[in-house]
$ cat my_file.cif   # mmCIF, C-alpha atoms
data_start
#
loop_
_atom_site.group_PDB
_atom_site.id
_atom_site.type_symbol
_atom_site.label_atom_id
_atom_site.label_comp_id
_atom_site.auth_asym_id
_atom_site.auth_seq_id
_atom_site.Cartn_x
_atom_site.Cartn_y
_atom_site.Cartn_z
ATOM 1 C CA MET A 1 84.518 152.077 -125.169
ATOM 2 C CA THR A 2 87.998 152.108 -126.731
ATOM 3 C CA ASP A 3 89.045 148.774 -128.221
ATOM 4 C CA TYR A 4 92.501 148.577 -126.700
ATOM 5 C CA THR A 5 93.009 144.949 -127.685
ATOM 6 C CA SER A 6 92.839 145.711 -131.407
ATOM 7 C CA GLN A 7 95.285 148.567 -130.935
ATOM 8 C CA ILE A 8 97.641 146.321 -128.956
ATOM 9 C CA ASP A 9 97.523 143.814 -131.794
ATOM 10 C CA ARG A 10 98.403 146.470 -134.380
ATOM 11 C CA GLU A 11 101.153 148.041 -132.288
ATOM 12 C CA THR A 12 102.745 144.653 -131.626
ATOM 13 C CA ALA A 13 102.841 143.975 -135.353
ATOM 14 C CA ARG A 14 104.462 147.353 -135.964
ATOM 15 C CA LEU A 15 107.127 146.783 -133.313
ATOM 16 C CA ALA A 16 107.801 143.209 -134.450
ATOM 17 C CA ALA A 17 108.333 144.455 -138.011
ATOM 18 C CA LEU A 18 111.100 146.726 -136.702
ATOM 19 C CA ALA A 19 112.852 143.940 -134.784
ATOM 20 C CA GLY A 20 115.268 142.846 -137.513
ATOM 21 C CA ASP A 21 118.800 143.803 -136.498
ATOM 22 C CA LEU A 22 118.465 143.578 -132.719
ATOM 23 C CA SER A 23 121.953 144.984 -132.162
ATOM 24 C CA VAL A 24 120.854 148.517 -133.137
ATOM 25 C CA PRO A 25 121.305 150.934 -130.183
ATOM 26 C CA VAL A 26 118.208 152.751 -128.925
ATOM 27 C CA PRO A 27 119.270 156.318 -128.031
ATOM 28 C CA THR A 28 115.995 157.145 -126.261
ATOM 29 C CA CYS A 29 116.562 154.185 -123.899
ATOM 30 C CA PRO A 30 120.236 154.719 -122.992
ATOM 31 C CA GLY A 31 122.208 151.499 -122.773
ATOM 32 C CA TRP A 32 119.608 149.446 -124.632
ATOM 33 C CA THR A 33 119.694 147.880 -128.055
ATOM 34 C CA LEU A 34 116.588 146.740 -129.895
ATOM 35 C CA ALA A 35 117.158 143.353 -128.250
ATOM 36 C CA GLU A 36 116.712 144.835 -124.772
ATOM 37 C CA LEU A 37 113.733 146.881 -125.911
ATOM 38 C CA VAL A 38 111.920 143.892 -127.425
ATOM 39 C CA THR A 39 112.719 141.779 -124.369
ATOM 40 C CA HIS A 40 111.377 144.471 -122.042
ATOM 41 C CA VAL A 41 108.101 144.794 -123.950
ATOM 42 C CA GLY A 42 107.580 141.049 -124.249
ATOM 43 C CA GLN A 43 108.362 140.546 -120.567
ATOM 44 C CA THR A 44 105.852 143.253 -119.682
ATOM 45 C CA HIS A 45 103.178 141.394 -121.641
ATOM 46 C CA ARG A 46 103.925 138.188 -119.749
ATOM 47 C CA TRP A 47 103.804 140.103 -116.455
ATOM 48 C CA ALA A 48 100.312 141.371 -117.264
ATOM 49 C CA VAL A 49 99.187 137.849 -118.222
ATOM 50 C CA HIS A 50 100.441 136.511 -114.881
ATOM 51 C CA VAL A 51 98.653 139.232 -112.888
ATOM 52 C CA LEU A 52 95.365 138.739 -114.726
ATOM 53 C CA ARG A 53 95.315 134.942 -114.924
ATOM 54 C CA ASP A 54 96.375 134.414 -111.315
ATOM 55 C CA ARG A 55 94.248 137.286 -109.972
ATOM 56 C CA VAL A 56 97.346 138.674 -108.241
ATOM 57 C CA GLN A 57 96.488 141.001 -105.356
ATOM 58 C CA GLU A 58 99.928 141.985 -104.044
ATOM 59 C CA ARG A 59 102.706 143.917 -105.742
ATOM 60 C CA ILE A 60 104.747 141.914 -108.210
ATOM 61 C CA TRP A 61 107.173 143.285 -110.779
ATOM 62 C CA SER A 62 107.847 142.026 -114.266
ATOM 63 C CA LYS A 63 111.289 140.595 -113.500
ATOM 64 C CA GLN A 64 109.650 138.225 -110.991
ATOM 65 C CA VAL A 65 107.630 136.550 -113.759
ATOM 66 C CA ALA A 66 109.058 133.782 -115.966
ATOM 67 C CA GLY A 67 109.613 135.004 -119.499
ATOM 68 C CA GLY A 68 110.237 131.665 -121.181
ATOM 69 C CA LEU A 69 113.762 132.612 -122.284
ATOM 70 C CA PRO A 70 117.063 130.935 -121.368
ATOM 71 C CA GLU A 71 118.980 132.898 -118.735
ATOM 72 C CA GLY A 72 120.715 135.859 -120.328
ATOM 73 C CA ALA A 73 118.928 135.439 -123.661
ATOM 74 C CA SER A 74 117.000 138.188 -125.423
ATOM 75 C CA GLY A 75 113.627 137.989 -127.083
ATOM 76 C CA ASP A 76 113.038 138.369 -130.809
ATOM 77 C CA ALA A 77 110.081 139.228 -133.011
ATOM 78 C CA ASP A 78 108.518 135.767 -132.770
ATOM 79 C CA TRP A 79 108.840 135.733 -128.974
ATOM 80 C CA LEU A 80 107.291 139.204 -128.846
ATOM 81 C CA ARG A 81 104.338 138.121 -131.000
ATOM 82 C CA ALA A 82 103.774 134.989 -128.907
ATOM 83 C CA GLY A 83 103.616 136.973 -125.667
ATOM 84 C CA ALA A 84 101.277 139.537 -127.182
ATOM 85 C CA ALA A 85 98.952 136.798 -128.458
ATOM 86 C CA GLU A 86 98.782 135.328 -124.965
ATOM 87 C CA LEU A 87 98.137 138.788 -123.537
ATOM 88 C CA LEU A 88 95.305 139.444 -125.969
ATOM 89 C CA ASP A 89 93.680 136.094 -125.226
ATOM 90 C CA THR A 90 93.912 136.849 -121.506
ATOM 91 C CA LEU A 91 92.528 140.371 -121.793
ATOM 92 C CA ARG A 92 89.567 139.165 -123.842
ATOM 93 C CA ALA A 93 88.821 136.380 -121.374
ATOM 94 C CA THR A 94 89.034 138.556 -118.238
ATOM 95 C CA ASP A 95 86.110 140.532 -116.820
ATOM 96 C CA PRO A 96 87.320 144.168 -116.755
ATOM 97 C CA ALA A 97 85.838 144.550 -113.262
ATOM 98 C CA THR A 98 88.021 141.767 -111.831
ATOM 99 C CA GLN A 99 90.012 142.975 -108.818
ATOM 100 C CA VAL A 100 93.761 142.625 -109.422
ATOM 101 C CA TRP A 101 96.961 144.387 -108.453
ATOM 102 C CA THR A 102 98.158 147.356 -110.513
ATOM 103 C CA TRP A 103 100.764 150.001 -109.785
ATOM 104 C CA GLY A 104 98.254 152.701 -110.714
ATOM 105 C CA PRO A 105 95.127 154.029 -108.999
ATOM 106 C CA ASP A 106 92.689 151.466 -110.439
ATOM 107 C CA ARG A 107 92.744 147.992 -108.871
ATOM 108 C CA ARG A 108 90.797 146.375 -111.679
ATOM 109 C CA ALA A 109 91.684 144.339 -114.746
ATOM 110 C CA SER A 110 90.458 147.226 -116.933
ATOM 111 C CA TRP A 111 93.627 149.180 -116.020
ATOM 112 C CA TRP A 112 95.912 146.765 -117.856
ATOM 113 C CA PRO A 113 94.924 147.004 -121.557
ATOM 114 C CA ARG A 114 95.289 150.779 -121.659
ATOM 115 C CA ARG A 115 98.657 150.602 -119.897
ATOM 116 C CA MET A 116 99.884 147.849 -122.196
ATOM 117 C CA LEU A 117 98.875 149.843 -125.267
ATOM 118 C CA PHE A 118 100.908 152.877 -124.324
ATOM 119 C CA GLU A 119 103.858 150.770 -123.233
ATOM 120 C CA LEU A 120 103.817 149.521 -126.830
ATOM 121 C CA VAL A 121 103.198 152.895 -128.466
ATOM 122 C CA VAL A 122 106.127 154.580 -126.737
ATOM 123 C CA HIS A 123 108.547 151.699 -127.247
ATOM 124 C CA ARG A 124 107.514 151.336 -130.884
ATOM 125 C CA ALA A 125 108.426 155.017 -131.223
ATOM 126 C CA ASP A 126 111.766 154.259 -129.522
ATOM 127 C CA ALA A 127 112.472 151.574 -132.112
ATOM 128 C CA GLU A 128 111.516 153.855 -134.983
ATOM 129 C CA LEU A 129 113.699 156.691 -133.719
ATOM 130 C CA ALA A 130 116.592 154.246 -133.371
ATOM 131 C CA LEU A 131 116.126 153.283 -137.029
ATOM 132 C CA GLY A 132 115.782 156.861 -138.272
ATOM 133 C CA ILE A 133 112.028 156.615 -138.824
ATOM 134 C CA GLU A 134 109.736 159.455 -137.775
ATOM 135 C CA PRO A 135 107.114 157.986 -135.402
ATOM 136 C CA GLU A 136 103.478 158.416 -136.364
ATOM 137 C CA ILE A 137 100.830 158.196 -133.659
ATOM 138 C CA ASP A 138 97.142 158.678 -134.371
ATOM 139 C CA ALA A 139 96.017 161.955 -132.791
ATOM 140 C CA ALA A 140 93.113 160.448 -130.824
ATOM 141 C CA THR A 141 95.401 157.718 -129.506
ATOM 142 C CA ALA A 142 98.040 160.263 -128.517
ATOM 143 C CA ALA A 143 95.474 162.379 -126.662
ATOM 144 C CA ASP A 144 94.302 159.302 -124.768
ATOM 145 C CA GLY A 145 97.961 158.529 -124.061
ATOM 146 C CA ILE A 146 98.498 161.921 -122.450
ATOM 147 C CA GLU A 147 95.549 161.311 -120.137
ATOM 148 C CA GLU A 148 96.680 157.766 -119.350
ATOM 149 C CA TYR A 149 100.115 159.145 -118.435
ATOM 150 C CA LEU A 150 98.680 161.887 -116.222
ATOM 151 C CA HIS A 151 96.200 159.469 -114.635
ATOM 152 C CA ASN A 152 98.990 157.146 -113.496
ATOM 153 C CA LEU A 153 101.825 159.599 -112.821
ATOM 154 C CA PRO A 154 100.836 160.424 -109.199
ATOM 155 C CA TYR A 155 101.175 156.703 -108.377
ATOM 156 C CA ALA A 156 104.608 156.205 -109.966
ATOM 157 C CA ALA A 157 106.700 156.304 -106.792
ATOM 158 C CA TRP A 158 109.954 156.237 -108.768
ATOM 159 C CA VAL A 159 108.853 159.584 -110.245
ATOM 160 C CA THR A 160 107.080 161.259 -107.335
ATOM 161 C CA ARG A 161 110.064 160.882 -104.985
ATOM 162 C CA PRO A 162 112.481 162.895 -107.166
ATOM 163 C CA LEU A 163 109.650 165.186 -108.251
ATOM 164 C CA ALA A 164 109.171 166.192 -104.615
ATOM 165 C CA GLU A 165 112.751 167.480 -104.595
ATOM 166 C CA LEU A 166 111.921 169.999 -107.310
ATOM 167 C CA GLY A 167 109.717 171.964 -104.924
ATOM 168 C CA ALA A 168 107.699 174.488 -106.932
ATOM 169 C CA GLU A 169 104.453 173.464 -105.251
ATOM 170 C CA GLY A 170 101.551 175.085 -107.069
ATOM 171 C CA ALA A 171 103.489 175.614 -110.306
ATOM 172 C CA THR A 172 101.581 174.690 -113.456
ATOM 173 C CA ILE A 173 102.312 173.381 -116.935
ATOM 174 C CA HIS A 174 99.774 173.812 -119.711
ATOM 175 C CA LEU A 175 99.725 171.550 -122.767
ATOM 176 C CA HIS A 176 97.872 172.694 -125.889
ATOM 177 C CA ALA A 177 97.424 170.323 -128.820
ATOM 178 C CA THR A 178 97.225 172.015 -132.196
ATOM 179 C CA ASP A 179 95.811 169.132 -134.246
ATOM 180 C CA VAL A 180 93.081 167.797 -131.952
ATOM 181 C CA ASP A 181 90.732 169.302 -129.369
ATOM 182 C CA GLY A 182 92.963 168.780 -126.361
ATOM 183 C CA GLU A 183 94.320 171.014 -123.596
ATOM 184 C CA TRP A 184 95.581 169.924 -120.185
ATOM 185 C CA THR A 185 96.905 171.737 -117.134
ATOM 186 C CA ILE A 186 99.229 169.960 -114.706
ATOM 187 C CA THR A 187 99.704 171.347 -111.198
ATOM 188 C CA GLN A 188 102.673 170.468 -109.037
ATOM 189 C CA GLY A 189 101.356 169.384 -105.633
ATOM 190 C CA PRO A 190 102.852 168.479 -102.256
ATOM 191 C CA ALA A 191 105.200 165.504 -101.817
ATOM 192 C CA GLY A 192 105.799 165.265 -105.558
ATOM 193 C CA LYS A 193 102.178 164.489 -106.392
ATOM 194 C CA ILE A 194 100.495 166.161 -109.334
ATOM 195 C CA THR A 195 96.938 166.971 -110.228
ATOM 196 C CA TRP A 196 95.622 167.713 -113.693
ATOM 197 C CA GLU A 197 92.524 168.881 -115.500
ATOM 198 C CA ARG A 198 91.327 169.344 -119.043
ATOM 199 C CA GLY A 199 90.704 172.763 -120.529
ATOM 200 C CA HIS A 200 92.317 176.062 -121.386
ATOM 201 C CA ALA A 201 94.432 177.830 -118.776
ATOM 202 C CA LYS A 202 97.530 179.960 -118.406
ATOM 203 C CA GLY A 203 100.411 177.928 -116.985
ATOM 204 C CA ASP A 204 103.734 178.974 -115.493
ATOM 205 C CA ALA A 205 105.068 177.058 -118.495
ATOM 206 C CA ALA A 206 103.091 176.169 -121.602
ATOM 207 C CA VAL A 207 103.798 173.933 -124.584
ATOM 208 C CA ARG A 208 101.871 174.108 -127.851
ATOM 209 C CA GLY A 209 102.218 171.582 -130.665
ATOM 210 C CA PRO A 210 100.920 168.410 -132.325
ATOM 211 C CA VAL A 211 99.491 165.996 -129.789
ATOM 212 C CA ALA A 212 101.775 163.083 -130.702
ATOM 213 C CA GLY A 213 104.769 165.313 -130.048
ATOM 214 C CA LEU A 214 103.331 166.347 -126.675
ATOM 215 C CA LEU A 215 102.913 162.690 -125.707
ATOM 216 C CA LEU A 216 106.477 161.822 -126.699
ATOM 217 C CA MET A 217 107.728 164.920 -124.860
ATOM 218 C CA LEU A 218 106.062 163.780 -121.638
ATOM 219 C CA TYR A 219 107.807 160.421 -121.984
ATOM 220 C CA GLY A 220 111.174 162.100 -122.584
ATOM 221 C CA ARG A 221 111.343 161.040 -126.236
ATOM 222 C CA ARG A 222 111.006 164.516 -127.690
ATOM 223 C CA SER A 223 112.581 167.817 -126.665
ATOM 224 C CA PRO A 224 110.301 170.781 -126.003
ATOM 225 C CA ASP A 225 112.257 172.370 -128.880
ATOM 226 C CA ALA A 226 109.976 170.437 -131.238
ATOM 227 C CA ALA A 227 107.031 172.588 -130.067
ATOM 228 C CA GLU A 228 106.315 176.168 -129.028
ATOM 229 C CA VAL A 229 107.292 176.851 -125.411
ATOM 230 C CA PHE A 230 106.083 179.806 -123.347
ATOM 231 C CA GLY A 231 106.859 180.913 -119.802
ATOM 232 C CA ASP A 232 109.275 179.250 -117.384
ATOM 233 C CA ARG A 233 111.288 176.978 -119.662
ATOM 234 C CA ASP A 234 113.779 176.075 -116.925
ATOM 235 C CA PHE A 235 111.013 174.675 -114.704
ATOM 236 C CA LEU A 236 109.473 172.848 -117.658
ATOM 237 C CA GLU A 237 112.734 171.138 -118.582
ATOM 238 C CA ARG A 238 113.515 170.169 -114.987
ATOM 239 C CA TRP A 239 109.994 168.775 -114.563
ATOM 240 C CA LEU A 240 110.148 166.814 -117.820
ATOM 241 C CA SER A 241 113.572 165.337 -117.044
ATOM 242 C CA THR A 242 112.190 164.121 -113.702
ATOM 243 C CA THR A 243 108.863 162.702 -114.873
ATOM 244 C CA ALA A 244 109.863 160.826 -118.031
ATOM 245 C CA PHE A 245 109.359 157.046 -117.773
#
$ encode --input "my_file.cif" --output "structure tokens"
Amino acid sequence: MTDYTSQIDRETARLAALAGDLSVPVPTCPGWTLAELVTHVGQTHRWAVHVLRDRVQERIWSKQVAGGLPEGASGDADWLRAGAAELLDTLRATDPATQVWTWGPDRRASWWPRRMLFELVVHRADAELALGIEPEIDAATAADGIEEYLHNLPYAAWVTRPLAELGAEGATIHLHATDVDGEWTITQGPAGKITWERGHAKGDAAVRGPVAGLLLMLYGRRSPDAAEVFGDRDFLERWLSTTAF
């Protein structure tokens, strides 16, 4: 079983180390500075703690949870570390089979550590890109991140609604990692839902490149130009611009 808590600990340390000048704009999160990015991540940690500790069963969003900051104030590196420490303590103390609310398909506590890891991975990459640093993501972690993204995407209502407007039911996108054994095919379904499967296939559009780049592309942090693109590029770009979150 993947030790997500250790990875969360490491990723928090990496993001906190980047949180020096919090006024730096974050181009991959338009309108945000590093202050907003750090505050968002730390608030997300506190949201997960609230859901897990209180065994929340109904939908609750992060802004509904107290963040421990004065109104209008932003978090900093110390605040980020404190929230992550509380999250890690909570994850380690919670039975993964505990029934709790999630916005994804799995209504168990085990959903949260994986989601929190990739929230950190992507936003750490945002911070690095803002500071002119090339993000590095372990290949096995990036491959897991692609599957975590695809696993949850059909349940992200803020994505599936606009995705339904694209039409193209039955159209496929194939992802082929060049540095790890990983291939995935995504099929556009009815009402904006998607299905996916592992393995080699021929898609209407296909993207071939390093797995970390494929992960960041799915999240809208990398252009397909950073990889090899085959087939219907227009559909690929419209799909990616709709599904990034």
$ atom_distance --input "my_file.cif" --atom1 "atom CA of A:Gln99" --atom2 "atom CA of A:Asp9"
24.2 Å
$ residues_near_point --input "my_file.cif" --point "(113.0, 140.5, -131.1)" --cutoff "7 Å" --atoms "all atoms listed in the file" --output "list in words"
Ala16, Ala19, Leu22, Ala35, Val38, Thr39, Gly75, Asp76, Ala77, Asp78, Trp79 and Leu80 of chain A
$ resolve_selection --input "my_file.cif" --expression "the PyMOL selection byres ((chain A and resi 161) around 12)" --output "ChimeraX atom specification"
/A:153-160,162-167,190-194,242-243
$ write_last_selection --input "my_file.cif" --atoms "C-alpha atoms" --output "mmCIF file, keeping the file's coordinate frame"
data_model
loop_
_atom_site.group_PDB
_atom_site.id
_atom_site.type_symbol
_atom_site.label_atom_id
_atom_site.label_comp_id
_atom_site.auth_asym_id
_atom_site.auth_seq_id
_atom_site.Cartn_x
_atom_site.Cartn_y
_atom_site.Cartn_z
ATOM 1 C CA LEU A 153 101.825 159.599 -112.821
ATOM 2 C CA PRO A 154 100.836 160.424 -109.199
ATOM 3 C CA TYR A 155 101.175 156.703 -108.377
ATOM 4 C CA ALA A 156 104.608 156.205 -109.966
ATOM 5 C CA ALA A 157 106.700 156.304 -106.792
ATOM 6 C CA TRP A 158 109.954 156.237 -108.768
ATOM 7 C CA VAL A 159 108.853 159.584 -110.245
ATOM 8 C CA THR A 160 107.080 161.259 -107.335
ATOM 9 C CA PRO A 162 112.481 162.895 -107.166
ATOM 10 C CA LEU A 163 109.650 165.186 -108.251
ATOM 11 C CA ALA A 164 109.171 166.192 -104.615
ATOM 12 C CA GLU A 165 112.751 167.480 -104.595
ATOM 13 C CA LEU A 166 111.921 169.999 -107.310
ATOM 14 C CA GLY A 167 109.717 171.964 -104.924
ATOM 15 C CA PRO A 190 102.852 168.479 -102.256
ATOM 16 C CA ALA A 191 105.200 165.504 -101.817
ATOM 17 C CA GLY A 192 105.799 165.265 -105.558
ATOM 18 C CA LYS A 193 102.178 164.489 -106.392
ATOM 19 C CA ILE A 194 100.495 166.161 -109.334
ATOM 20 C CA THR A 242 112.190 164.121 -113.702
ATOM 21 C CA THR A 243 108.863 162.702 -114.873
#
$ resolve_selection --input "my_file.cif" --expression "the PyMOL selection byres ((chain A and resi 129) around 12)" --output "PyMOL selection string"
chain A and resi 15+18+24-29+34+122-128+130-136+216+221-222
$ closest_residue --input "my_file.cif" --among "A:Trp61, A:Trp239, A:Trp47, A:Phe245" --to "A:Phe118" --atoms "only C-alpha atoms"
A:Phe245
$ closest_residue --input "my_file.cif" --among "A:Arg81, A:His151, A:His50, A:Arg108" --to "A:Arg10" --atoms "only C-alpha atoms"
A:Arg81
$ closest_residue --input "my_file.cif" --among "A:Val49, A:Glu119, A:Gly83, A:Gly220" --to "A:Val100" --atoms "only C-alpha atoms"
A:Val49
$ residues_near_point --input "my_file.cif" --point "(93.6, 166.2, -120.2)" --cutoff "12 Å" --atoms "all atoms listed in the file" --output "short mmCIF file (atom, residue, chain, number, x, y, z; two decimals) with C-alpha atoms, in the coordinates of the input"
data_model
loop_
_atom_site.label_atom_id
_atom_site.label_comp_id
_atom_site.auth_asym_id
_atom_site.auth_seq_id
_atom_site.Cartn_x
_atom_site.Cartn_y
_atom_site.Cartn_z
CA ALA A 142 98.04 160.26 -128.52
CA ALA A 143 95.47 162.38 -126.66
CA ASP A 144 94.30 159.30 -124.77
CA GLY A 145 97.96 158.53 -124.06
CA ILE A 146 98.50 161.92 -122.45
CA GLU A 147 95.55 161.31 -120.14
CA GLU A 148 96.68 157.77 -119.35
CA TYR A 149 100.12 159.15 -118.44
CA LEU A 150 98.68 161.89 -116.22
CA HIS A 151 96.20 159.47 -114.64
CA ILE A 173 102.31 173.38 -116.94
CA HIS A 174 99.77 173.81 -119.71
CA LEU A 175 99.72 171.55 -122.77
CA HIS A 176 97.87 172.69 -125.89
CA ALA A 177 97.42 170.32 -128.82
CA VAL A 180 93.08 167.80 -131.95
CA ASP A 181 90.73 169.30 -129.37
CA GLY A 182 92.96 168.78 -126.36
CA GLU A 183 94.32 171.01 -123.60
CA TRP A 184 95.58 169.92 -120.18
CA THR A 185 96.90 171.74 -117.13
CA ILE A 186 99.23 169.96 -114.71
CA THR A 195 96.94 166.97 -110.23
CA TRP A 196 95.62 167.71 -113.69
CA GLU A 197 92.52 168.88 -115.50
CA ARG A 198 91.33 169.34 -119.04
CA GLY A 199 90.70 172.76 -120.53
CA HIS A 200 92.32 176.06 -121.39
CA ALA A 201 94.43 177.83 -118.78
CA VAL A 211 99.49 166.00 -129.79
CA LEU A 214 103.33 166.35 -126.68
CA LEU A 215 102.91 162.69 -125.71
#
$ axis_aligned_box --input "my_file.cif" --around "stretch 36-55 of chain A" --padding-each-side "8 Å" --output "lines of an AutoDock Vina configuration file"
center_x = 105.5
center_y = 140.6
center_z = -118.7
size_x = 38.5
size_y = 28.5
size_z = 33.5
$ resolve_selection --input "my_file.cif" --expression "the PyMOL selection byres ((chain A and resi 234) around 12)" --output "PyMOL selection string"
chain A and resi 166+168+173+204-206+224+229-233+235-241
$ residues_around --input "my_file.cif" --residues "A:Ala66" --least-positions-apart "4" --cutoff "9 Å" --atoms "all atoms listed in the file" --output "list in words"
Gln43, Arg46, Trp47 and Ser62 of chain A
$ atom_distance --input "my_file.cif" --atom1 "atom CA of A:Val41" --atom2 "atom CA of A:Leu117"
10.6 Å
$ closest_residue --input "my_file.cif" --among "A:Ala73, A:Ala212, A:Ala85, A:Leu52" --to "A:Ala139" --atoms "all atoms listed in the file"
A:Ala212
$ atom_distance --input "my_file.cif" --atom1 "atom CA of A:Asp138" --atom2 "atom CA of A:Gly20"
24.3 Å
$ closest_residue --input "my_file.cif" --among "A:Glu169, A:Gly68, A:Arg55, A:Leu37" --to "A:Asp95" --atoms "all atoms listed in the file"
A:Arg55
$ closest_residue --input "my_file.cif" --among "A:Val207, A:Val121, A:Ile8, A:Ile60" --to "A:Leu87" --atoms "all atoms listed in the file"
A:Ile8
